[in-house]
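Chemist: Quick one, query-v8.csv (CSV, C-alpha atoms):
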```csv
chain,number,residue,atom,x,y,z
A,1,MET,CA,54.7,114.0,147.3
A,2,TYR,CA,53.2,110.6,146.5
A,3,GLY,CA,55.9,108.7,148.4
A,4,LYS,CA,54.8,110.2,151.8
A,5,GLY,CA,53.8,107.5,154.2
A,6,LEU,CA,54.7,104.7,151.8
A,7,ARG,CA,57.1,103.0,154.2
A,8,PRO,CA,54.5,102.6,157.1
A,9,LEU,CA,51.9,101.7,154.6
A,10,SER,CA,54.1,98.9,153.2
A,11,ILE,CA,54.9,97.6,156.7
A,12,ALA,CA,51.2,97.6,157.6
A,13,THR,CA,50.4,95.7,154.3
A,14,VAL,CA,53.1,93.1,155.0
A,15,ALA,CA,51.9,92.7,158.6
A,16,LEU,CA,48.2,92.3,157.6
A,17,MET,CA,49.0,90.0,154.7
A,18,SER,CA,51.0,87.8,157.0
A,19,ALA,CA,48.3,87.8,159.6
A,20,GLY,CA,45.7,87.0,156.9
A,21,LEU,CA,47.8,84.1,155.6
A,22,ALA,CA,48.3,82.7,159.2
A,23,LEU,CA,44.6,82.9,159.9
A,24,VAL,CA,43.8,81.2,156.6
A,25,PHE,CA,46.0,78.2,157.3
A,26,PHE,CA,45.9,77.9,161.1
A,27,TYR,CA,42.6,79.4,162.2
A,28,ALA,CA,39.9,79.2,159.5
A,29,PRO,CA,38.0,75.9,159.8
A,30,LEU,CA,37.9,73.4,156.9
A,31,ASP,CA,34.9,73.8,154.7
A,32,ALA,CA,32.5,70.8,155.0
A,33,ASP,CA,31.9,70.5,151.3
A,34,GLN,CA,35.1,71.5,149.6
A,35,GLY,CA,37.7,70.7,152.3
A,36,PHE,CA,41.2,72.1,152.0
A,37,VAL,CA,40.6,73.5,148.4
A,38,GLN,CA,38.3,76.1,149.9
A,39,LYS,CA,41.4,77.9,151.2
A,40,ILE,CA,41.8,79.4,147.7
A,41,PHE,CA,38.6,81.3,148.5
A,42,TYR,CA,40.5,83.6,150.9
A,43,LEU,CA,42.8,84.6,148.0
A,44,HIS,CA,40.5,84.6,145.0
A,45,VAL,CA,37.5,86.4,146.4
A,46,PRO,CA,39.2,89.4,148.1
A,47,LEU,CA,41.3,89.8,144.9
A,48,ALA,CA,38.2,89.9,142.8
A,49,ILE,CA,36.4,92.4,145.1
A,50,VAL,CA,39.4,94.7,145.3
A,51,ALA,CA,39.9,94.5,141.5
A,52,LEU,CA,36.2,95.4,140.8
A,53,VAL,CA,36.2,98.2,143.4
A,54,GLY,CA,39.5,99.5,142.0
A,55,PHE,CA,37.9,99.8,138.5
A,56,VAL,CA,35.1,101.8,140.1
A,57,VAL,CA,37.6,104.0,142.0
A,58,GLY,CA,39.4,104.6,138.7
A,59,GLY,CA,36.1,105.9,137.3
A,60,VAL,CA,35.6,108.2,140.3
A,61,PHE,CA,39.1,109.6,139.7
A,62,ALA,CA,38.3,110.1,136.1
A,63,VAL,CA,35.2,112.1,137.1
A,64,LEU,CA,37.4,114.3,139.2
A,65,HIS,CA,39.8,114.7,136.3
A,66,LEU,CA,37.1,115.8,133.9
A,67,ARG,CA,35.6,118.2,136.5
A,68,SER,CA,38.9,119.9,137.5
A,69,GLY,CA,41.1,119.3,134.5
A,70,ASP,CA,43.9,118.4,136.9
A,71,SER,CA,46.2,115.8,135.3
A,72,ARG,CA,47.0,114.3,138.8
A,73,TRP,CA,43.5,112.8,138.8
A,74,ASP,CA,44.1,111.3,135.4
A,75,ALA,CA,47.3,109.7,136.8
A,76,TYR,CA,45.3,108.3,139.8
A,77,SER,CA,42.7,106.9,137.5
A,78,TYR,CA,45.3,105.3,135.2
A,79,VAL,CA,47.2,103.7,138.0
A,80,SER,CA,44.0,102.5,139.7
A,81,ILE,CA,42.8,100.8,136.5
A,82,HIS,CA,46.3,99.4,135.8
A,83,MET,CA,46.6,97.9,139.3
A,84,SER,CA,43.1,96.4,139.0
A,85,VAL,CA,43.9,94.8,135.7
A,86,ILE,CA,46.9,93.1,137.4
A,87,PHE,CA,44.7,91.9,140.2
A,88,GLY,CA,42.2,90.8,137.5
A,89,VAL,CA,44.9,88.5,136.0
A,90,ALA,CA,45.5,87.0,139.5
A,91,VAL,CA,41.7,86.5,139.9
A,92,LEU,CA,41.3,84.7,136.6
A,93,ILE,CA,44.3,82.4,137.2
A,94,THR,CA,43.4,81.6,140.9
A,95,GLY,CA,39.8,81.1,139.9
A,96,GLY,CA,40.8,78.7,137.2
A,97,ILE,CA,42.8,76.7,139.6
A,98,TRP,CA,40.0,76.6,142.1
A,99,ALA,CA,37.5,75.7,139.4
A,100,LYS,CA,39.7,72.8,138.3
A,101,ALA,CA,40.1,71.5,141.9
A,102,SER,CA,36.4,71.7,142.9
A,103,TRP,CA,34.5,71.4,139.6
A,104,GLY,CA,37.0,69.5,137.5
A,105,HIS,CA,37.1,72.2,134.8
A,106,TRP,CA,39.5,75.1,134.4
A,107,TRP,CA,36.6,77.3,133.0
A,108,VAL,CA,32.8,76.9,132.8
A,109,TRP,CA,31.4,79.1,130.0
A,110,ASP,CA,27.7,78.9,131.2
A,111,GLU,CA,28.5,80.3,134.7
A,112,PRO,CA,27.6,84.0,134.7
A,113,THR,CA,30.0,85.0,137.5
A,114,LEU,CA,33.0,83.8,135.6
A,115,VAL,CA,32.0,85.1,132.1
A,116,SER,CA,31.0,88.5,133.5
A,117,PHE,CA,34.3,88.9,135.2
A,118,LEU,CA,36.1,88.0,132.0
A,119,ILE,CA,34.0,90.5,130.1
A,120,VAL,CA,34.9,93.3,132.6
A,121,PHE,CA,38.6,92.2,132.4
A,122,LEU,CA,38.7,92.3,128.6
A,123,LEU,CA,36.9,95.6,128.6
A,124,TYR,CA,39.6,97.1,130.8
A,125,ALA,CA,42.3,95.3,128.7
A,126,THR,CA,41.2,97.6,125.8
A,127,TYR,CA,41.9,100.7,128.0
A,128,TYR,CA,45.6,100.6,127.2
A,129,PRO,CA,45.4,100.5,123.3
A,130,PHE,CA,42.6,103.0,123.5
A,131,ARG,CA,44.6,105.4,125.6
A,132,TYR,CA,47.9,105.2,123.8
A,133,ALA,CA,46.3,105.3,120.3
A,134,ILE,CA,45.9,109.0,121.0
A,135,GLU,CA,49.1,111.0,120.9
A,136,ASP,CA,48.0,114.4,122.2
A,137,ARG,CA,48.3,114.2,126.0
A,138,ASP,CA,45.3,116.3,126.9
A,139,ARG,CA,43.0,114.5,124.5
A,140,GLN,CA,44.5,111.2,125.6
A,141,ALA,CA,43.7,112.0,129.3
A,142,ARG,CA,40.2,113.3,128.5
A,143,TYR,CA,39.2,110.3,126.3
A,144,ALA,CA,40.7,107.8,128.8
A,145,SER,CA,38.6,109.5,131.6
A,146,VAL,CA,35.4,109.1,129.6
A,147,PHE,CA,36.3,105.5,129.0
A,148,ALA,CA,37.1,105.0,132.8
A,149,ILE,CA,33.7,106.5,133.8
A,150,ALA,CA,31.7,104.5,131.3
A,151,ALA,CA,33.4,101.2,132.2
A,152,GLY,CA,33.3,102.0,135.9
A,153,ALA,CA,29.6,102.5,135.7
A,154,PHE,CA,29.3,99.1,133.9
A,155,VAL,CA,31.0,97.2,136.7
A,156,PRO,CA,28.3,97.6,139.4
A,157,LEU,CA,25.6,97.1,136.8
A,158,ASN,CA,27.3,93.9,135.7
A,159,PHE,CA,27.6,92.8,139.3
A,160,MET,CA,23.9,93.3,140.0
A,161,ALA,CA,23.0,91.4,136.8
A,162,VAL,CA,25.1,88.5,137.9
A,163,ARG,CA,23.5,88.5,141.3
A,164,MET,CA,20.1,88.3,139.7
A,165,ALA,CA,21.1,85.5,137.4
A,166,GLU,CA,19.6,82.1,138.2
A,167,SER,CA,22.7,80.0,137.8
A,168,LEU,CA,24.4,79.7,141.2
A,169,VAL,CA,27.0,77.1,140.7
A,170,HIS,CA,29.6,79.7,141.7
A,171,PRO,CA,29.2,80.3,145.4
A,172,ARG,CA,28.0,83.6,146.9
A,173,THR,CA,30.1,85.1,149.6
A,174,PHE,CA,27.7,87.3,151.3
A,175,ALA,CA,24.3,86.3,152.7
A,176,THR,CA,21.7,85.2,150.3
A,177,ALA,CA,18.5,83.3,151.1
A,178,ASP,CA,20.7,80.3,152.1
A,179,GLY,CA,22.8,82.3,154.6
A,180,GLY,CA,26.4,83.5,154.4
A,181,LEU,CA,29.7,82.4,155.8
A,182,PRO,CA,30.1,81.0,159.3
A,183,GLY,CA,31.5,83.5,161.8
A,184,GLU,CA,35.2,82.3,161.9
A,185,MET,CA,35.3,82.1,158.1
A,186,MET,CA,33.8,85.5,157.7
A,187,PHE,CA,36.4,87.0,160.2
A,188,VAL,CA,39.3,85.5,158.2
A,189,PHE,CA,37.7,86.6,155.0
A,190,LEU,CA,37.4,90.2,156.2
A,191,VAL,CA,41.0,90.2,157.4
A,192,CYS,CA,42.1,89.0,153.9
A,193,LEU,CA,39.9,91.5,152.2
A,194,ALA,CA,41.5,94.3,154.3
A,195,ALA,CA,44.9,93.0,153.5
A,196,PHE,CA,44.4,92.9,149.8
A,197,ALA,CA,42.7,96.3,149.8
A,198,LEU,CA,45.8,97.6,151.7
A,199,LEU,CA,48.1,95.9,149.2
A,200,TRP,CA,46.2,97.6,146.3
A,201,VAL,CA,46.5,101.0,148.0
A,202,THR,CA,50.3,100.4,148.6
A,203,LEU,CA,51.0,99.3,145.1
A,204,VAL,CA,49.0,102.2,143.6
A,205,LYS,CA,50.9,104.7,145.8
A,206,PHE,CA,54.2,103.0,144.9
A,207,GLU,CA,53.5,103.3,141.2
A,208,LEU,CA,52.3,106.9,141.5
A,209,THR,CA,55.6,107.7,143.3
A,210,ALA,CA,57.7,106.1,140.6
A,211,LYS,CA,55.7,107.9,137.9
A,212,SER,CA,56.0,111.2,139.7
A,213,ALA,CA,59.8,110.8,140.0
A,214,SER,CA,60.0,109.9,136.4
A,215,GLY,CA,58.0,113.0,135.5
A,216,GLN,CA,60.3,115.2,137.7
A,217,VAL,CA,63.4,113.7,135.9
A,218,LYS,CA,61.8,114.6,132.5
A,219,ARG,CA,61.1,118.2,133.7
A,220,LEU,CA,64.7,118.5,135.0
A,221,ARG,CA,66.1,117.2,131.7
A,222,ARG,CA,64.0,119.7,129.8
A,223,ALA,CA,65.1,122.5,132.2
A,224,LEU,CA,68.8,121.6,131.8
A,225,ASP,CA,68.2,121.0,128.1
A,226,ALA,CA,70.2,117.8,128.5
A,227,PRO,CA,70.3,115.1,125.8
A,228,VAL,CA,67.9,112.2,126.2
A,229,SER,CA,69.8,109.0,127.1
A,230,GLY,CA,67.0,106.7,125.9
A,231,GLY,CA,65.0,104.1,127.8
A,232,SER,CA,62.5,106.6,129.0
A,233,SER,CA,58.9,105.4,129.5
A,234,ARG,CA,56.7,106.1,126.5
A,235,ILE,CA,53.4,105.4,128.1
A,236,ALA,CA,53.8,106.9,131.6
A,237,PRO,CA,51.3,109.7,132.1
A,238,GLU,CA,52.9,112.9,133.2
A,239,VAL,CA,52.5,113.2,137.0
A,240,SER,CA,53.6,116.6,138.2
B,1,MET,CA,25.3,70.5,131.7
B,2,ILE,CA,27.2,71.3,134.9
B,3,ASP,CA,25.1,69.4,137.4
B,4,PRO,CA,27.9,66.9,138.1
B,5,LEU,CA,29.7,69.9,139.7
B,6,PHE,CA,27.3,69.8,142.6
B,7,ALA,CA,28.1,66.2,143.3
B,8,ALA,CA,31.9,66.7,143.2
B,9,PRO,CA,33.3,65.4,146.5
B,10,ALA,CA,36.0,67.2,148.5
B,11,LEU,CA,39.5,66.4,147.3
B,12,PRO,CA,41.8,64.5,149.7
B,13,LEU,CA,44.3,66.8,151.4
B,14,ASP,CA,47.4,65.6,149.4
B,15,GLU,CA,45.6,66.3,146.1
B,16,ALA,CA,44.0,69.6,147.2
B,17,GLY,CA,47.3,70.8,148.6
B,18,LYS,CA,48.7,71.0,145.1
B,19,TYR,CA,45.9,73.3,143.9
B,20,VAL,CA,46.0,75.5,147.0
B,21,ALA,CA,49.8,75.9,146.8
B,22,GLY,CA,49.5,76.5,143.0
B,23,ALA,CA,47.0,79.4,143.5
B,24,TYR,CA,49.0,81.1,146.3
B,25,VAL,CA,52.3,80.6,144.4
B,26,VAL,CA,50.8,82.1,141.2
B,27,PHE,CA,49.8,85.2,143.2
B,28,LEU,CA,53.2,85.5,144.8
B,29,VAL,CA,54.9,85.2,141.4
B,30,LEU,CA,52.7,87.9,140.0
B,31,LEU,CA,53.5,90.1,142.9
B,32,ILE,CA,57.3,89.5,142.6
B,33,VAL,CA,57.2,90.1,138.9
B,34,TYR,CA,55.4,93.4,139.4
B,35,VAL,CA,57.7,94.6,142.2
B,36,GLY,CA,60.7,93.5,140.1
B,37,ILE,CA,59.5,95.6,137.1
B,38,MET,CA,58.9,98.6,139.4
B,39,ALA,CA,62.3,98.2,141.0
B,40,ALA,CA,63.9,98.2,137.5
B,41,LYS,CA,62.0,101.5,136.8
B,42,VAL,CA,63.1,103.1,140.0
B,43,GLN,CA,66.7,102.1,139.2
B,44,ARG,CA,66.4,103.7,135.8
B,45,ILE,CA,65.1,106.9,137.3
B,46,GLU,CA,68.0,106.9,139.7
B,47,ARG,CA,70.5,106.4,136.9
B,48,GLU,CA,68.9,109.2,134.9
B,49,LEU,CA,69.0,111.5,137.9
B,50,ARG,CA,72.7,110.7,138.4
B,51,GLU,CA,73.4,111.5,134.7
B,52,LEU,CA,71.5,114.8,135.0
B,53,ALA,CA,73.4,115.7,138.2
B,54,GLY,CA,76.7,115.0,136.4
B,55,PHE,CA,75.5,117.1,133.4
B,56,ALA,CA,74.5,120.0,135.6
B,57,GLU,CA,77.8,119.9,137.5
B,58,ALA,CA,79.8,119.8,134.2
B,59,ARG,CA,77.8,122.7,132.9
B,60,GLN,CA,78.4,124.7,136.1
B,61,SER,CA,82.1,124.0,136.0
B,62,GLY,CA,82.2,124.9,132.3
B,63,GLU,CA,80.5,128.2,133.0
B,64,SER,CA,82.7,129.1,136.0
B,65,ALA,CA,86.0,128.3,134.2
B,66,PRO,CA,86.0,131.3,131.7
B,67,GLU,CA,85.1,133.6,134.6
B,68,ALA,CA,88.2,132.3,136.5
B,69,ARG,CA,90.4,132.9,133.5
B,70,GLU,CA,89.0,136.5,133.1
B,71,GLU,CA,89.8,137.1,136.8
B,72,VAL,CA,93.4,135.9,136.3
B,73,GLY,CA,93.9,137.9,133.1
B,74,ALA,CA,92.7,141.1,134.8
```
Using structure tokens, write down the structure that the file contains.

Modeler:
Amino acid sequence: MYGKGLRPLSIATVALMSAGLALVFFYAPLDADQGFVQKIFYLHVPLAIVALVGFVVGGVFAVLHLRSGDSRWDAYSYVSIHMSVIFGVAVLITGGIWAKASWGHWWVWDEPTLVSFLIVFLLYATYYPFRYAIEDRDRQARYASVFAIAAGAFVPLNFMAVRMAESLVHPRTFATADGGLPGEMMFVFLVCLAAFALLWVTLVKFELTAKSASGQVKRLRRALDAPVSGGSSRIAPEVS
Amino acid sequence: MIDPLFAAPALPLDEAGKYVAGAYVVFLVLLIVYVGIMAAKVQRIERELRELAGFAEARQSGESAPEAREEVGA
């Protein structure tokens, strides 16, 4: 069920990622201030945007789960958050590399954009122990949904707070009073953003498919009353 | 505090290239690790499915064998 359309989606993702990469290195002009190092921007910023939107999407799925009681929405919420946490790791590492190259420091503690992203990331890092500390599956799903909604609401609030902050060492992507990106850079950035969004969707679908198959195998094992051969996933939410 | 950051000049290409390559390689490695983990999971599911198919077949042949003996005896 979840695997439907996965192959064309994967092909589209690879094609768009390749196009994005080619545009970054062969089309996008060099930044006047930062030079070649600015190429990290096309990787780091789309990853950050997709990760943050993914957290909010996880919250929306959690709302649907609480409203309907359908465990599929819980699985969607879990996988969305899981994928965004992985993207978040990539954001922190690529951001650190970019910061070292352009600022001379791996991390700057008094920069609101960096610290706020770290707070959001650490908040979602607590999702896993919080979720799996509860053994009863229904309670686990309900509590995890409440967490996902509260944390998902925190993400845009956090984003707005950072935009209003005075410290602007970290560059702003979209237009502020000083203006936004030049046309060619904006075009490449949007292609990269679409590519990473598609990658996120593909990986979410891939993981949901694997979890669904795992759930079906468990159901089959129960129906056949077969002995468990070990190695089965302890943490995977049931996806029926 | 961080005002020297504003004055940081652009790195020369040979030096900047290391950082840019590093960032893209880190992302690629993360992606490969994730896909590798997922591939291992899918392989495990396949193995479990094969085991279950074997178990179901063995059970089916176990159930049909006594029936065959009864037919021969009659």

Chemist: With a cut-off of 9 Å and counting only C-alpha atoms, select all residues of chain A in contact with chain B and give the selection as an MDAnalysis selection string.

Modeler: chainID A and resid 32:40 43:44 86:87 89:91 93:98 100:104 108 110 169 203 206:207 210 213:214 217 220:221 224 226 229 231:233

Chemist: With all atoms listed in the file as the basis for distance, which of A:Trp200, A:Ala75, A:Tyr128, A:Thr113 is at the shortest distance from A:Ala165?

Modeler: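 For A:Ala165, the nearest of the given residues is A:Thr113.
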
Chemist: What is the atom CA of A:Leu92-atom CA of A:Ala197 distance in Å, reported with one decimal?

Modeler: 17.6 Å

Chemist: Excluding A:Val120 and residues on its chain fewer than 2 positions from it, collect all residues at most 10 Å away from it, counting only C-alpha atoms, and give them as number ranges by chain.

Modeler: A: 52, 55, 85, 88, 115-118, 122-125, 151-152, 154-155, 158-159

Chemist: Output the selection as a short mmCIF file (atom, residue, chain, number, x, y, z; two decimals), keeping the file's coordinate frame - C-alpha atoms for each residue.

Modeler:
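Saved file out_17.cif follows:
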```cif
data_model
loop_
_atom_site.label_atom_id
_atom_site.label_comp_id
_atom_site.auth_asym_id
_atom_site.auth_seq_id
_atom_site.Cartn_x
_atom_site.Cartn_y
_atom_site.Cartn_z
CA LEU A 52 36.20 95.40 140.80
CA PHE A 55 37.90 99.80 138.50
CA VAL A 85 43.90 94.80 135.70
CA GLY A 88 42.20 90.80 137.50
CA VAL A 115 32.00 85.10 132.10
CA SER A 116 31.00 88.50 133.50
CA PHE A 117 34.30 88.90 135.20
CA LEU A 118 36.10 88.00 132.00
CA LEU A 122 38.70 92.30 128.60
CA LEU A 123 36.90 95.60 128.60
CA TYR A 124 39.60 97.10 130.80
CA ALA A 125 42.30 95.30 128.70
CA ALA A 151 33.40 101.20 132.20
CA GLY A 152 33.30 102.00 135.90
CA PHE A 154 29.30 99.10 133.90
CA VAL A 155 31.00 97.20 136.70
CA ASN A 158 27.30 93.90 135.70
CA PHE A 159 27.60 92.80 139.30
#
```

Chemist: Determine, counting all atoms listed in the file, every residue of protein, DNA or RNA that lies within 8 Å of (42.7, 86.4, 159.1) in the file coordinates, then give the result as number ranges by chain.

Modeler: A: 19-24, 27-28, 187-192

Chemist: Work out how far atom CA of A:Thr202 is from atom CA of A:Val14, in Å to one decimal.

Modeler: 10.1 Å

Chemist: Between atom CA of A:Val60 and atom CA of A:Ala153, what is the spacing in Å?

Modeler: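 Atom CA of A:Val60 lies 9.5 Å from atom CA of A:Ala153.
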
Chemist: Hey, which of A:Met160, A:Val79, A:Ala15, A:Leu47 ends up closest to A:Lys211? Count all atoms listed in the file.

Modeler: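 Going through A:Met160, A:Val79, A:Ala15, A:Leu47 one by one, the smallest distance to A:Lys211 is for A:Val79.
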
Chemist: Measuring atom to atom with only C-alpha atoms, identify which of A:Phe25, A:Ala141, A:Ala161, A:Asp225 is nearest to A:Arg72.

Modeler: A:Ala141

Chemist: Using 4 Å of padding on each side, determine the axis-aligned box around all atoms of stretch 44-49 of chain B present in the file and give its centre and edge lengths in Å to one decimal, as JSON.

Modeler:
```
{"center_x": 67.8, "center_y": 107.6, "center_z": 137.3, "size_x": 13.4, "size_y": 15.8, "size_z": 12.8}
```

Chemist: Rebuild stretch 156-167 of chain A so that it carries N, CA and C atoms, then output the result as a short mmCIF file (atom, residue, chain, number, x, y, z; two decimals), in the frame of the given file.

Modeler:
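Contents of selection-v6.cif, as written:
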```cif
data_model
loop_
_atom_site.label_atom_id
_atom_site.label_comp_id
_atom_site.auth_asym_id
_atom_site.auth_seq_id
_atom_site.Cartn_x
_atom_site.Cartn_y
_atom_site.Cartn_z
N PRO A 156 29.36 97.92 138.47
CA PRO A 156 28.30 97.60 139.40
C PRO A 156 27.02 97.05 138.73
N LEU A 157 26.73 97.57 137.53
CA LEU A 157 25.60 97.10 136.80
C LEU A 157 25.75 95.59 136.47
N ASN A 158 26.94 95.27 136.03
CA ASN A 158 27.30 93.90 135.70
C ASN A 158 27.18 92.99 136.91
N PHE A 159 27.67 93.51 138.05
CA PHE A 159 27.60 92.80 139.30
C PHE A 159 26.19 92.46 139.71
N MET A 160 25.32 93.49 139.59
CA MET A 160 23.90 93.30 140.00
C MET A 160 23.24 92.29 139.04
N ALA A 161 23.57 92.37 137.74
CA ALA A 161 23.00 91.40 136.80
C ALA A 161 23.35 90.00 137.11
N VAL A 162 24.61 89.82 137.52
CA VAL A 162 25.10 88.50 137.90
C VAL A 162 24.35 87.96 139.12
N ARG A 163 24.17 88.87 140.11
CA ARG A 163 23.50 88.50 141.30
C ARG A 163 22.04 88.03 141.06
N MET A 164 21.46 88.66 140.03
CA MET A 164 20.10 88.30 139.70
C MET A 164 19.96 87.08 138.83
N ALA A 165 21.13 86.63 138.31
CA ALA A 165 21.10 85.50 137.40
C ALA A 165 20.69 84.22 138.19
N GLU A 166 20.14 83.26 137.48
CA GLU A 166 19.60 82.10 138.20
C GLU A 166 20.70 81.04 138.47
N SER A 167 21.71 80.98 137.59
CA SER A 167 22.70 80.00 137.80
C SER A 167 23.61 80.31 138.98
#
```
